[in-house]
$ cat query.cif   # mmCIF, C-alpha atoms and all ligand atoms
data_entry
loop_
_atom_site.label_atom_id
_atom_site.label_comp_id
_atom_site.auth_asym_id
_atom_site.auth_seq_id
_atom_site.Cartn_x
_atom_site.Cartn_y
_atom_site.Cartn_z
CA MET J 1 -36.53 -85.62 28.57
CA PRO J 2 -33.71 -88.26 28.64
CA HIS J 3 -31.85 -88.30 31.95
CA GLY J 4 -28.52 -87.54 30.24
CA LEU J 5 -29.96 -84.31 28.87
CA VAL J 6 -31.33 -83.38 32.31
CA VAL J 7 -27.86 -83.89 33.82
CA LEU J 8 -26.26 -81.74 31.09
CA PHE J 9 -28.83 -79.00 31.63
CA ALA J 10 -28.22 -79.18 35.39
CA GLY J 11 -24.49 -78.66 34.74
CA LEU J 12 -25.13 -75.53 32.65
CA LEU J 13 -27.53 -74.20 35.27
CA GLY J 14 -24.92 -74.96 37.95
CA ALA J 15 -22.28 -72.92 36.10
CA VAL J 16 -24.62 -69.92 36.04
CA VAL J 17 -25.49 -70.41 39.72
CA GLY J 18 -21.74 -70.60 40.43
CA SER J 19 -21.22 -67.29 38.64
CA PHE J 20 -23.78 -65.68 40.97
CA LEU J 21 -22.16 -67.43 43.94
CA ASN J 22 -18.89 -65.67 43.06
CA VAL J 23 -20.68 -62.33 43.29
CA CYS J 24 -22.06 -63.34 46.72
CA VAL J 25 -18.65 -64.51 48.01
CA TYR J 26 -17.01 -61.30 46.78
CA ARG J 27 -19.63 -58.73 47.78
CA LEU J 28 -21.54 -60.00 50.85
CA PRO J 29 -18.56 -59.67 53.27
CA LEU J 30 -18.14 -56.07 52.07
CA GLY J 31 -21.78 -55.32 52.81
CA GLN J 32 -22.52 -54.67 49.12
CA SER J 33 -25.64 -55.55 47.14
CA VAL J 34 -25.40 -58.72 45.05
CA VAL J 35 -27.82 -57.32 42.46
CA ARG J 36 -26.42 -53.86 41.72
CA PRO J 37 -24.22 -52.55 40.22
CA ARG J 38 -23.39 -54.87 37.33
CA SER J 39 -20.11 -56.79 37.42
CA ARG J 40 -17.00 -54.60 37.27
CA CYS J 41 -13.31 -55.30 37.26
CA PRO J 42 -12.25 -54.86 40.90
CA MET J 43 -8.99 -53.21 39.77
CA CYS J 44 -9.97 -50.72 37.02
CA ALA J 45 -13.77 -50.62 37.65
CA ARG J 46 -14.46 -51.22 33.95
CA PRO J 47 -17.95 -52.76 33.51
CA ILE J 48 -17.69 -56.39 32.34
CA PRO J 49 -19.85 -57.15 29.27
CA TRP J 50 -21.84 -60.41 29.30
CA TYR J 51 -19.53 -62.15 26.80
CA GLU J 52 -16.59 -61.66 29.16
CA ASN J 53 -18.68 -63.07 31.99
CA VAL J 54 -19.52 -66.54 30.60
CA PRO J 55 -18.76 -69.07 33.38
CA VAL J 56 -15.32 -70.74 33.14
CA LEU J 57 -14.98 -70.11 29.36
CA SER J 58 -14.42 -66.35 29.57
CA TRP J 59 -11.70 -66.74 32.20
CA LEU J 60 -9.93 -69.28 29.95
CA ALA J 61 -10.37 -67.11 26.83
CA LEU J 62 -9.00 -64.04 28.66
CA ARG J 63 -6.23 -66.17 30.21
CA GLY J 64 -7.18 -64.89 33.64
CA ARG J 65 -6.58 -61.20 32.85
CA CYS J 66 -8.85 -58.15 32.62
CA ARG J 67 -9.06 -56.84 29.03
CA GLY J 68 -9.10 -53.26 30.27
CA CYS J 69 -6.19 -53.06 32.70
CA GLY J 70 -4.48 -56.45 32.25
CA GLY J 71 -4.87 -57.13 35.98
CA ARG J 72 -4.99 -60.71 37.17
CA ILE J 73 -8.47 -62.22 37.72
CA SER J 74 -8.40 -64.71 40.58
CA VAL J 75 -8.53 -68.38 39.61
CA GLN J 76 -11.10 -68.71 42.40
CA TYR J 77 -13.80 -67.42 39.99
CA PRO J 78 -13.63 -70.22 37.36
CA LEU J 79 -12.94 -72.81 40.09
CA VAL J 80 -16.13 -71.88 41.99
CA GLU J 81 -18.10 -71.94 38.72
CA LEU J 82 -16.69 -75.33 37.79
CA ALA J 83 -17.27 -76.75 41.28
CA THR J 84 -20.89 -75.53 41.28
CA ALA J 85 -21.48 -77.04 37.81
CA LEU J 86 -20.11 -80.38 39.09
CA ILE J 87 -22.31 -80.14 42.21
CA TRP J 88 -25.45 -79.70 40.07
CA ILE J 89 -24.38 -82.49 37.68
CA ALA J 90 -23.88 -84.84 40.66
CA ALA J 91 -27.22 -83.79 42.18
CA ALA J 92 -29.10 -84.48 38.93
CA ALA J 93 -27.25 -87.75 38.28
CA ARG J 94 -27.84 -89.02 41.84
CA THR J 95 -31.64 -89.06 41.74
CA ASP J 96 -34.59 -88.88 39.36
CA ALA J 97 -36.60 -86.92 41.92
CA ALA J 98 -36.40 -83.27 40.83
CA VAL J 99 -37.07 -81.79 44.30
CA GLU J 100 -34.33 -83.90 45.91
CA ALA J 101 -31.85 -82.95 43.16
CA LEU J 102 -32.75 -79.29 43.66
CA ARG J 103 -32.33 -79.69 47.44
CA MET J 104 -28.85 -81.16 47.06
CA GLY J 105 -27.88 -78.58 44.42
CA CYS J 106 -28.94 -75.64 46.61
CA PHE J 107 -27.51 -77.09 49.85
CA PHE J 108 -24.07 -77.88 48.40
CA THR J 109 -23.91 -74.54 46.57
CA ILE J 110 -24.56 -72.71 49.86
CA LEU J 111 -21.97 -74.87 51.67
CA LEU J 112 -19.42 -74.08 48.95
CA GLY J 113 -20.19 -70.36 49.28
CA ILE J 114 -19.76 -70.55 53.05
CA ALA J 115 -16.45 -72.44 52.79
CA ALA J 116 -15.11 -70.07 50.12
CA THR J 117 -16.07 -66.96 52.11
CA ASP J 118 -14.80 -68.35 55.41
CA ALA J 119 -11.47 -69.32 53.82
CA ARG J 120 -11.10 -65.97 52.03
CA HIS J 121 -12.52 -63.42 54.46
CA HIS J 122 -12.54 -65.36 57.76
CA LEU J 123 -16.23 -64.76 58.23
CA ILE J 124 -19.57 -66.25 57.22
CA PRO J 125 -22.20 -63.72 56.11
CA ASP J 126 -25.56 -64.56 57.72
CA HIS J 127 -27.19 -64.17 54.27
CA PHE J 128 -26.01 -67.67 53.31
CA SER J 129 -27.50 -69.28 56.41
CA VAL J 130 -30.76 -67.28 56.44
CA GLY J 131 -31.27 -67.84 52.70
CA GLY J 132 -30.46 -71.52 53.18
CA VAL J 133 -33.04 -71.93 55.96
CA ALA J 134 -35.70 -70.34 53.71
CA ILE J 135 -34.80 -72.55 50.71
CA GLY J 136 -34.59 -75.67 52.91
CA LEU J 137 -38.03 -75.07 54.44
CA ILE J 138 -39.67 -74.24 51.09
CA LEU J 139 -38.29 -77.41 49.41
CA ALA J 140 -39.29 -79.54 52.44
CA ALA J 141 -42.83 -78.13 52.20
CA ILE J 142 -43.22 -79.78 48.76
CA PRO J 143 -44.89 -83.17 49.41
CA GLY J 144 -42.98 -86.36 48.62
CA GLY J 145 -39.51 -85.10 49.50
CA PHE J 146 -37.65 -84.50 52.76
CA PRO J 147 -40.37 -84.16 55.46
CA LEU J 148 -41.09 -80.60 56.66
CA GLY J 149 -41.25 -81.83 60.29
CA ASP J 150 -37.69 -83.21 60.03
CA ALA J 151 -36.47 -79.94 58.52
CA ALA J 152 -38.08 -77.86 61.30
CA LEU J 153 -36.75 -80.17 64.02
CA GLY J 154 -33.26 -80.06 62.46
CA LEU J 155 -33.43 -76.27 62.37
CA GLY J 156 -34.32 -76.10 66.07
CA VAL J 157 -31.85 -78.75 67.26
CA GLY J 158 -28.99 -77.34 65.14
CA GLY J 159 -29.50 -73.83 66.49
CA ALA J 160 -30.07 -74.89 70.11
CA LEU J 161 -27.17 -77.34 70.17
CA PHE J 162 -24.65 -74.83 68.90
CA LEU J 163 -26.05 -72.01 71.04
CA ALA J 164 -25.51 -74.21 74.12
CA LEU J 165 -21.99 -75.05 72.95
CA LYS J 166 -21.28 -71.34 72.37
CA LEU J 167 -22.51 -70.35 75.84
CA VAL J 168 -20.34 -73.02 77.49
CA ALA J 169 -17.29 -72.09 75.37
CA ASP J 170 -17.78 -68.34 75.95
CA TYR J 171 -17.97 -68.98 79.70
CA GLY J 172 -14.97 -71.33 79.61
CA PHE J 173 -12.72 -68.96 77.65
CA ARG J 174 -14.13 -65.82 79.36
CA LYS J 175 -14.63 -64.24 75.93
CA PRO J 176 -16.75 -64.94 72.82
CA ALA J 177 -15.15 -68.19 71.58
CA LEU J 178 -17.64 -69.18 68.89
CA GLY J 179 -19.38 -66.86 66.44
CA ALA J 180 -23.11 -66.20 66.43
CA GLY J 181 -22.82 -66.89 62.67
CA ASP J 182 -21.96 -70.52 63.48
CA VAL J 183 -25.27 -70.87 65.38
CA LEU J 184 -27.18 -69.78 62.26
CA LEU J 185 -24.98 -72.03 60.13
CA MET J 186 -25.83 -75.10 62.21
CA ALA J 187 -29.54 -74.21 62.15
CA MET J 188 -29.33 -74.02 58.33
CA ILE J 189 -27.52 -77.36 58.10
CA GLY J 190 -30.18 -78.94 60.35
CA THR J 191 -32.89 -77.73 57.96
CA PHE J 192 -31.33 -79.90 55.24
CA VAL J 193 -30.08 -82.97 57.16
CA GLY J 194 -32.50 -83.20 60.11
CA TRP J 195 -31.66 -83.44 63.82
CA ARG J 196 -29.65 -86.68 63.62
CA GLY J 197 -27.65 -85.28 60.73
CA VAL J 198 -26.90 -82.05 62.58
CA VAL J 199 -25.52 -83.97 65.61
CA GLN J 200 -23.42 -86.06 63.24
CA THR J 201 -22.19 -82.92 61.43
CA LEU J 202 -21.05 -81.38 64.71
CA PHE J 203 -19.03 -84.48 65.70
CA LEU J 204 -17.59 -84.93 62.21
CA GLY J 205 -16.77 -81.21 61.85
CA SER J 206 -14.98 -81.15 65.21
CA ALA J 207 -13.03 -84.29 64.27
CA LEU J 208 -12.02 -82.79 60.92
CA GLY J 209 -10.98 -79.59 62.69
CA LEU J 210 -8.75 -81.57 65.05
CA VAL J 211 -7.29 -83.93 62.44
CA ILE J 212 -6.70 -81.39 59.65
CA GLY J 213 -6.85 -77.92 61.19
CA VAL J 214 -4.73 -78.25 64.33
CA PRO J 215 -1.70 -79.94 62.61
CA TYR J 216 -1.99 -77.28 59.87
CA LEU J 217 -1.71 -74.49 62.43
CA LEU J 218 1.18 -76.28 64.19
CA VAL J 219 3.09 -76.82 60.91
CA ARG J 220 2.66 -73.16 60.05
CA GLY J 221 4.39 -72.42 63.32
CA GLU J 222 1.64 -70.70 65.22
CA PRO J 223 2.19 -71.67 68.82
CA LYS J 224 -0.69 -69.59 70.19
CA LEU J 225 -3.48 -71.84 68.97
CA LEU J 226 -6.36 -69.95 70.46
CA GLY J 227 -5.10 -66.66 69.11
CA SER J 228 -4.84 -67.85 65.51
CA TYR J 229 -7.63 -68.58 63.13
CA LEU J 230 -9.17 -71.97 62.50
CA PRO J 231 -11.88 -71.90 59.81
CA PHE J 232 -14.39 -73.92 61.83
CA GLY J 233 -17.18 -72.95 59.42
CA THR J 234 -15.29 -74.59 56.56
CA PHE J 235 -14.94 -77.83 58.51
CA LEU J 236 -18.62 -77.75 59.45
CA ALA J 237 -19.58 -77.20 55.79
CA LEU J 238 -17.41 -80.15 54.71
CA ALA J 239 -18.86 -82.32 57.49
CA ALA J 240 -22.41 -81.35 56.47
CA ALA J 241 -21.75 -82.40 52.86
CA ILE J 242 -20.35 -85.78 53.99
CA THR J 243 -23.32 -86.27 56.33
CA TYR J 244 -25.80 -85.45 53.56
CA LEU J 245 -24.22 -87.99 51.18
CA TRP J 246 -23.14 -90.80 53.50
CA GLY J 247 -24.65 -90.03 56.91
CA GLU J 248 -26.58 -93.27 57.34
CA PRO J 249 -23.86 -95.65 56.05
CA ILE J 250 -21.40 -93.97 58.45
CA ILE J 251 -23.75 -94.51 61.42
CA ASP J 252 -24.38 -98.13 60.34
CA TRP J 253 -20.63 -98.71 60.07
CA TYR J 254 -20.02 -97.08 63.45
CA VAL J 255 -22.71 -99.10 65.22
CA GLY J 256 -21.79 -102.35 63.45
CA THR J 257 -17.98 -102.13 63.62
CA VAL J 258 -16.70 -99.68 66.20
CA MET J 259 -19.29 -100.33 68.92
CA ALA J 260 -19.07 -104.11 68.36
CA MET J 261 -15.33 -104.13 69.15
ZN ZN F 1 -9.51 -54.22 34.90
#
$ encode --input "query.cif" --output "structure tokens" --more "lines below"
Ligand SMILES: [Zn+2]
Amino acid sequence: MPHGLVVLFAGLLGAVVGSFLNVCVYRLPLGQSVVRPRSRCPMCARPIPWYENVPVLSWLALRGRCRGCGGRISVQYPLVELATALIWIAAAARTDAAVEALRMGCFFTILLGIAATDARHHLIPDHFSVGGVAIGLILAAIPGGFPLGDAALGLGVGGALFLALKLVADYGFRKPALGAGDVLLMAMIGTFVGWRGVVQTLFLGSALGLVIGVPYLLVRGEPKLLGSYLPFGTFLALAAAITYLWGEPIIDWYVGTVMAM
């Protein structure tokens, strides 16, 4: 099959995966099944037929409104579908190796789901992390790709590192300061980027949190920083994506430029 056709197919597959990701983002925080019941309008509970559920296109055709009750359908749905399609297109275009493309597609889809859920509901369902660990280990077990030993080591280091950080922070603040969900999240990230990548993700995620998150909270006029919410999971997900794509060039640049000064 020509590579252009593979990339196109990956984009279509990504749009479908994104449609399922929407269901996960919407239902998992509510403790609902992602398989049953079929999709319904959240406002009038009318079942949505398949032709009104085509990724991106249906939302555009319906102009973002339910055909039953006229209620507004969040723009988050087509955006997540579009973003997932672009993720899978990028993954297929980046490499000819099918397993590596699949690894990037799955990893970035899970990261997007985590960021979307954290931003929307202020929590990260463990399903994303546990599912991600399973997918990461299975894909690493296929010979010729990311080594299984690196994935297992990343899993252990990611979990242990964040657990240690959590224990220190909990003791320092005299209350649970970091979520147990973040420990699972870091273990999942380690499964995909290895132990070096997970250390890098933690530094990069903390830096992003400081540079973007803290000014954002200050601008919004929330003086009690510790009492307000900082979506740390979203910053970690962003940092993990950057590490996956450009982790080694960043380390080379750091060692060659910053440390040489
Ligand atoms: Zn409706």
$ residues_near_ligand --input "query.cif" --ligand "ligand ZN 1 (chain F)" --cutoff "10 Å" --atoms "all atoms listed in the file" --output "ChimeraX atom specification"
/J:40-48,65-73
$ atom_distance --input "query.cif" --atom1 "CA of Gly190 (chain J)" --atom2 "CA of Val157 (chain J)"
7.1 Å
$ closest_atom_pairs --input "query.cif" --of "region 112-146 of chain J" --to "region 194-218 of chain J" --cutoff "12 Å" --atoms "only C-alpha atoms" --output "Markdown table"
| residue | atom | partner | partner_atom | distance |
| --- | --- | --- | --- | --- |
| J:Gly136 | CA | J:Gly194 | CA | 10.6 |
| J:Leu137 | CA | J:Gly194 | CA | 11.4 |
| J:Ala140 | CA | J:Gly194 | CA | 10.9 |
| J:Phe146 | CA | J:Gly194 | CA | 9.1 |
$ residues_around --input "query.cif" --residues "Leu30 (chain J)" --least-positions-apart "2" --cutoff "12 Å" --atoms "only C-alpha atoms" --output "ChimeraX atom specification"
/J:23-28,32-34,117,121,123-125
$ write_last_selection --input "query.cif" --atoms "C-alpha atoms" --output "tab-separated table (two decimals), in the frame of the given file"
chain	number	residue	atom	x	y	z
J	23	VAL	CA	-20.68	-62.33	43.29
J	24	CYS	CA	-22.06	-63.34	46.72
J	25	VAL	CA	-18.65	-64.51	48.01
J	26	TYR	CA	-17.01	-61.30	46.78
J	27	ARG	CA	-19.63	-58.73	47.78
J	28	LEU	CA	-21.54	-60.00	50.85
J	32	GLN	CA	-22.52	-54.67	49.12
J	33	SER	CA	-25.64	-55.55	47.14
J	34	VAL	CA	-25.40	-58.72	45.05
J	117	THR	CA	-16.07	-66.96	52.11
J	121	HIS	CA	-12.52	-63.42	54.46
J	123	LEU	CA	-16.23	-64.76	58.23
J	124	ILE	CA	-19.57	-66.25	57.22
J	125	PRO	CA	-22.20	-63.72	56.11
$ atom_distance --input "query.cif" --atom1 "CA of Pro231 (chain J)" --atom2 "CA of Leu165 (chain J)"
16.9 Å
$ residues_around --input "query.cif" --residues "Gly179 (chain J)" --least-positions-apart "6" --cutoff "10 Å" --atoms "all atoms listed in the file" --output "JSON, numbers by chain"
{"J": [123, 124, 162, 163, 166, 170, 185, 232, 233]}
$ write_last_selection --input "query.cif" --atoms "C-alpha atoms" --output "tab-separated table (two decimals), in the coordinates of the input"
chain	number	residue	atom	x	y	z
J	123	LEU	CA	-16.23	-64.76	58.23
J	124	ILE	CA	-19.57	-66.25	57.22
J	162	PHE	CA	-24.65	-74.83	68.90
J	163	LEU	CA	-26.05	-72.01	71.04
J	166	LYS	CA	-21.28	-71.34	72.37
J	170	ASP	CA	-17.78	-68.34	75.95
J	185	LEU	CA	-24.98	-72.03	60.13
J	232	PHE	CA	-14.39	-73.92	61.83
J	233	GLY	CA	-17.18	-72.95	59.42
$ axis_aligned_box --input "query.cif" --around "region 127-139 of chain J" --padding-each-side "3 Å" --output "JSON"
{"center_x": -32.8, "center_y": -70.8, "center_z": 52.9, "size_x": 19.7, "size_y": 19.2, "size_z": 13.0}
$ atom_distance --input "query.cif" --atom1 "CA of Leu13 (chain J)" --atom2 "CA of Gly181 (chain J)"
28.7 Å
$ residues_around --input "query.cif" --residues "Val75 (chain J)" --least-positions-apart "2" --cutoff "10 Å" --atoms "all atoms listed in the file" --output "PyMOL selection string"
chain J and resi 56+59-60+63-64+72-73+77-80
$ closest_residue --input "query.cif" --among "J:Val17, J:Ala187, J:Val193, J:Val7" --to "Tyr244 (chain J)" --atoms "all atoms listed in the file"
J:Val193
$ closest_residue --input "query.cif" --among "J:Gly132, J:Leu21, J:Thr191, J:Glu248" --to "Ala151 (chain J)" --atoms "all atoms listed in the file"
J:Thr191
$ closest_residue --input "query.cif" --among "J:Val130, J:Leu102, J:Ile87, J:Ile135" --to "Val183 (chain J)" --atoms "all atoms listed in the file"
J:Val130
$ closest_residue --input "query.cif" --among "J:Ala260, J:Leu82, J:Ala61, J:Leu238" --to "Gly11 (chain J)" --atoms "all atoms listed in the file"
J:Leu82
$ build_atoms --input "query.cif" --residues "region 191-212 of chain J" --atoms "N, CA and C atoms" --output "tab-separated table (two decimals), in the frame of the given file"
chain	number	residue	atom	x	y	z
J	191	THR	N	-31.72	-77.82	58.83
J	191	THR	CA	-32.89	-77.73	57.96
J	191	THR	C	-32.77	-78.71	56.79
J	192	PHE	N	-31.54	-79.00	56.38
J	192	PHE	CA	-31.33	-79.90	55.24
J	192	PHE	C	-31.07	-81.35	55.64
J	193	VAL	N	-30.45	-81.58	56.82
J	193	VAL	CA	-30.08	-82.97	57.16
J	193	VAL	C	-30.85	-83.52	58.36
J	194	GLY	N	-31.72	-82.71	58.97
J	194	GLY	CA	-32.50	-83.20	60.11
J	194	GLY	C	-31.69	-83.21	61.40
J	195	TRP	N	-32.34	-83.57	62.52
J	195	TRP	CA	-31.66	-83.44	63.82
J	195	TRP	C	-30.54	-84.45	64.01
J	196	ARG	N	-30.73	-85.69	63.51
J	196	ARG	CA	-29.65	-86.68	63.62
J	196	ARG	C	-28.44	-86.22	62.82
J	197	GLY	N	-28.72	-85.73	61.60
J	197	GLY	CA	-27.65	-85.28	60.73
J	197	GLY	C	-26.87	-84.12	61.31
J	198	VAL	N	-27.56	-83.24	62.03
J	198	VAL	CA	-26.90	-82.05	62.58
J	198	VAL	C	-25.97	-82.46	63.73
J	199	VAL	N	-26.39	-83.46	64.53
J	199	VAL	CA	-25.52	-83.97	65.61
J	199	VAL	C	-24.28	-84.61	64.99
J	200	GLN	N	-24.51	-85.40	63.93
J	200	GLN	CA	-23.42	-86.06	63.24
J	200	GLN	C	-22.46	-85.03	62.63
J	201	THR	N	-23.01	-83.97	62.03
J	201	THR	CA	-22.19	-82.92	61.43
J	201	THR	C	-21.28	-82.27	62.46
J	202	LEU	N	-21.83	-82.04	63.66
J	202	LEU	CA	-21.05	-81.38	64.71
J	202	LEU	C	-19.86	-82.25	65.15
J	203	PHE	N	-20.11	-83.56	65.32
J	203	PHE	CA	-19.03	-84.48	65.70
J	203	PHE	C	-17.98	-84.57	64.58
J	204	LEU	N	-18.49	-84.77	63.36
J	204	LEU	CA	-17.59	-84.93	62.21
J	204	LEU	C	-16.79	-83.65	61.97
J	205	GLY	N	-17.44	-82.50	62.07
J	205	GLY	CA	-16.77	-81.21	61.85
J	205	GLY	C	-15.69	-80.97	62.88
J	206	SER	N	-15.97	-81.32	64.15
J	206	SER	CA	-14.98	-81.15	65.21
J	206	SER	C	-13.79	-82.08	64.97
J	207	ALA	N	-14.10	-83.33	64.54
J	207	ALA	CA	-13.03	-84.29	64.27
J	207	ALA	C	-12.16	-83.81	63.11
J	208	LEU	N	-12.78	-83.30	62.06
J	208	LEU	CA	-12.02	-82.79	60.92
J	208	LEU	C	-11.15	-81.61	61.34
J	209	GLY	N	-11.72	-80.75	62.19
J	209	GLY	CA	-10.98	-79.59	62.69
J	209	GLY	C	-9.74	-80.02	63.45
J	210	LEU	N	-9.88	-81.08	64.25
J	210	LEU	CA	-8.75	-81.57	65.05
J	210	LEU	C	-7.70	-82.24	64.17
J	211	VAL	N	-8.20	-83.11	63.25
J	211	VAL	CA	-7.29	-83.93	62.44
J	211	VAL	C	-6.57	-83.11	61.36
J	212	ILE	N	-7.29	-82.17	60.74
J	212	ILE	CA	-6.70	-81.39	59.65
J	212	ILE	C	-6.22	-80.01	60.13
